[in-house]
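Structure file final.txt; described as compact mmCIF, C-alpha atoms.
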```
# COMPACT_ATOMS: atom_id res chain seq x y z
CA MET A 138 -18.78 -2.82 -102.95
CA ALA A 139 -16.25 -0.62 -104.72
CA PRO A 140 -14.76 2.36 -102.89
CA THR A 141 -15.84 5.85 -103.77
CA GLY A 142 -13.46 8.45 -105.12
CA GLY A 143 -13.25 12.21 -105.29
CA ALA A 144 -14.57 14.90 -102.98
CA ASP A 145 -18.17 14.20 -104.03
CA LYS A 146 -17.76 10.44 -103.43
CA HIS A 147 -18.66 9.05 -106.86
CA PRO A 148 -18.39 5.25 -107.17
CA ILE A 149 -15.25 3.95 -108.87
CA LYS A 150 -15.63 1.80 -111.98
CA MET A 151 -12.53 -0.09 -113.05
CA LEU A 152 -11.83 -0.21 -116.78
CA HIS A 153 -10.52 -2.94 -119.10
CA ASP A 154 -8.73 -5.73 -117.20
CA ARG A 155 -7.78 -3.62 -114.17
CA VAL A 156 -8.15 -4.98 -110.64
CA LEU A 157 -8.44 -2.80 -107.52
CA CYS A 158 -7.22 -4.53 -104.36
CA GLU A 159 -6.95 -3.83 -100.67
CA VAL A 160 -3.66 -5.21 -99.31
CA ASP A 161 -4.05 -7.60 -96.37
CA SER A 162 -3.12 -5.93 -93.09
CA GLU A 163 -1.38 -9.14 -91.97
CA ALA A 164 1.05 -8.85 -94.89
CA GLY A 165 3.45 -6.77 -92.80
CA GLU A 166 4.88 -8.73 -89.92
CA ARG A 167 5.31 -12.48 -90.10
CA ARG A 168 6.17 -15.18 -87.59
CA SER A 169 8.76 -17.87 -88.14
CA SER A 170 7.93 -21.49 -87.33
CA GLY A 171 9.75 -20.95 -84.00
CA GLY A 172 7.54 -17.96 -83.13
CA ILE A 173 10.04 -15.19 -83.90
CA VAL A 174 8.40 -12.02 -85.26
CA ILE A 175 9.92 -10.93 -88.59
CA PRO A 176 9.19 -7.24 -89.30
CA ALA A 177 8.00 -6.13 -92.72
CA THR A 178 11.17 -4.08 -93.13
CA ALA A 179 13.46 -7.14 -92.83
CA ALA A 180 15.54 -7.73 -95.95
CA MET A 181 14.74 -10.97 -97.76
CA GLY A 182 17.08 -12.82 -100.13
CA ALA A 183 14.27 -13.64 -102.55
CA ARG A 184 11.37 -11.49 -103.68
CA ARG A 185 8.30 -12.06 -101.57
CA LEU A 186 4.79 -12.00 -103.05
CA ALA A 187 1.84 -10.46 -101.18
CA TRP A 188 -1.87 -11.25 -100.80
CA ALA A 189 -4.66 -8.73 -101.32
CA ARG A 190 -8.47 -8.75 -101.37
CA VAL A 191 -10.15 -7.72 -104.63
CA VAL A 192 -12.45 -4.72 -104.18
CA ALA A 193 -13.37 -3.96 -107.83
CA VAL A 194 -12.67 -5.43 -111.28
CA GLY A 195 -12.94 -4.13 -114.82
CA PRO A 196 -15.32 -5.69 -117.37
CA HIS A 197 -12.53 -7.59 -119.17
CA ALA A 198 -11.14 -9.35 -116.08
CA ARG A 199 -12.03 -13.02 -116.56
CA ALA A 200 -10.49 -15.02 -113.72
CA VAL A 201 -10.84 -12.56 -110.83
CA GLU A 202 -14.01 -11.53 -109.01
CA VAL A 203 -14.76 -9.09 -106.19
CA GLY A 204 -14.03 -10.73 -102.84
CA ASP A 205 -11.28 -13.05 -104.15
CA ARG A 206 -7.82 -13.02 -102.62
CA VAL A 207 -5.02 -12.57 -105.14
CA LEU A 208 -1.28 -13.13 -105.00
CA PHE A 209 0.86 -10.43 -106.63
CA ASP A 210 4.36 -8.97 -106.67
CA PRO A 211 4.39 -5.84 -104.47
CA ASP A 212 7.25 -4.38 -106.54
CA ASP A 213 5.00 -4.26 -109.63
CA LYS A 214 2.10 -2.32 -108.17
CA ALA A 215 0.55 1.11 -108.41
CA GLU A 216 -0.98 2.49 -105.23
CA VAL A 217 -3.87 4.92 -104.94
CA GLU A 218 -5.37 6.52 -101.84
CA VAL A 219 -9.15 6.89 -101.61
CA HIS A 220 -10.55 8.61 -98.50
CA GLY A 221 -7.51 7.71 -96.44
CA ASP A 222 -7.46 4.03 -97.48
CA THR A 223 -4.66 2.73 -99.69
CA TYR A 224 -5.50 0.43 -102.60
CA VAL A 225 -3.41 -1.30 -105.25
CA VAL A 226 -4.27 -1.10 -108.96
CA MET A 227 -2.93 -3.78 -111.30
CA ARG A 228 -3.72 -5.57 -114.52
CA GLU A 229 -5.25 -9.01 -114.27
CA ARG A 230 -2.16 -10.47 -115.96
CA ASP A 231 -0.05 -9.27 -112.99
CA VAL A 232 -1.98 -11.57 -110.64
CA HIS A 233 -0.04 -14.77 -109.93
CA ALA A 234 -2.82 -16.75 -108.19
CA VAL A 235 -6.45 -16.46 -107.10
CA ALA A 236 -7.80 -17.91 -103.86
CA ALA A 237 -11.59 -18.26 -103.59
CA ASP A 238 -14.08 -20.84 -102.34
CA ARG A 239 -15.74 -20.89 -105.77
CA LEU A 240 -12.57 -22.42 -107.24
CA GLY A 241 -12.71 -25.53 -105.05
CA ASP A 242 -13.99 -27.81 -107.83
CA GLU A 243 -11.60 -26.43 -110.50
CA ALA A 244 -8.37 -26.41 -108.51
CA ALA A 245 -5.93 -29.26 -108.90
CA GLY A 246 -4.91 -29.01 -105.25
CA LEU A 247 -1.61 -29.76 -103.60
CA TYR A 248 -0.48 -33.31 -103.09
CA LEU A 249 2.07 -33.75 -100.33
```
Just dump the structure as structure tokens.
Amino acid sequence: MAPTGGADKHPIKMLHDRVLCEVDSEAGERRSSGGIVIPATAAMGARRLAWARVVAVGPHARAVEVGDRVLFDPDDKAEVEVHGDTYVVMRERDVHAVAADRLGDEAAGLYL
């Protein structure tokens, strides 16, 4: 279900290949393998990608569906606030990966 926008709470329809995402709340703090809590404000040597849950997609988005989890670069995002909740708007081409149960048969998988 897409969030509603404006004072009169009209539903939001994404256009073109745009994707509206809700950033995972667990994306802030992380734990190291030794159990040390690493705050979200800690400086990292490399850029770190983030996960978000897709809330709405435009009609031209082909690989992403509502409910999928997507991997994206938080530096290349546009944020919007709707009724106190913060969402991220991006183009489908800015999504690095999609995680969804429906992709189980298509995915190549990791071989370790």
Option closest in space to Ala234 of chain A, from A:Ala198, A:Val219, A:Asp205, A:Asp161 [counting only C-alpha atoms] |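 Among A:Ala198, A:Val219, A:Asp205, A:Asp161, it is A:Asp205 that comes nearest to Ala234 of chain A.
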All residues 9 Å or closer to Asp210 of chain A, all atoms listed in the file, same chain fewer than 2 positions away omitted, as a ChimeraX atom specification | /A:184-188,208,212-214,231-233
Residue nearest Pro196 of chain A - candidates A:Arg230, A:His153, A:His220, A:Arg239, atoms counted: all atoms listed in the file | A:His153
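Compared by their closest atoms to Pro211 of chain A, and using all atoms listed in the file, the residues A:Ala237, A:Leu157, A:Leu152, A:Met227 rank with A:Met227 nearest.
Minimum atom-to-atom distance to Val235 of chain A, evaluated using all atoms listed in the file, belongs to A:Val207 out of A:Gly195, A:Gly221, A:Glu159, A:Val207.
Between atom CA of Thr223 of chain A and atom CA of Ile173 of chain A the interatomic distance comes to 28.0 Å.
Shortest separation to Lys150 of chain A among A:Glu202, A:Glu218, A:Val225, A:Val192 occurs at residue A:Val192, atoms counted being all atoms listed in the file.
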Can you work out which one of A:Ala215, A:Arg155, A:Val174, A:Asp238 has the shortest atom-to-atom distance to Val191 of chain A, counting all atoms listed in the file?
->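 Of all the options, A:Arg155 lies closest to Val191 of chain A.
Computed from the coordinates, the atom CA of Leu240 of chain A to atom CA of Ile149 of chain A distance equals 26.6 Å.
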Separation of atom CA of Glu216 of chain A from atom CA of Val203 of chain A in Å = 18.0 Å
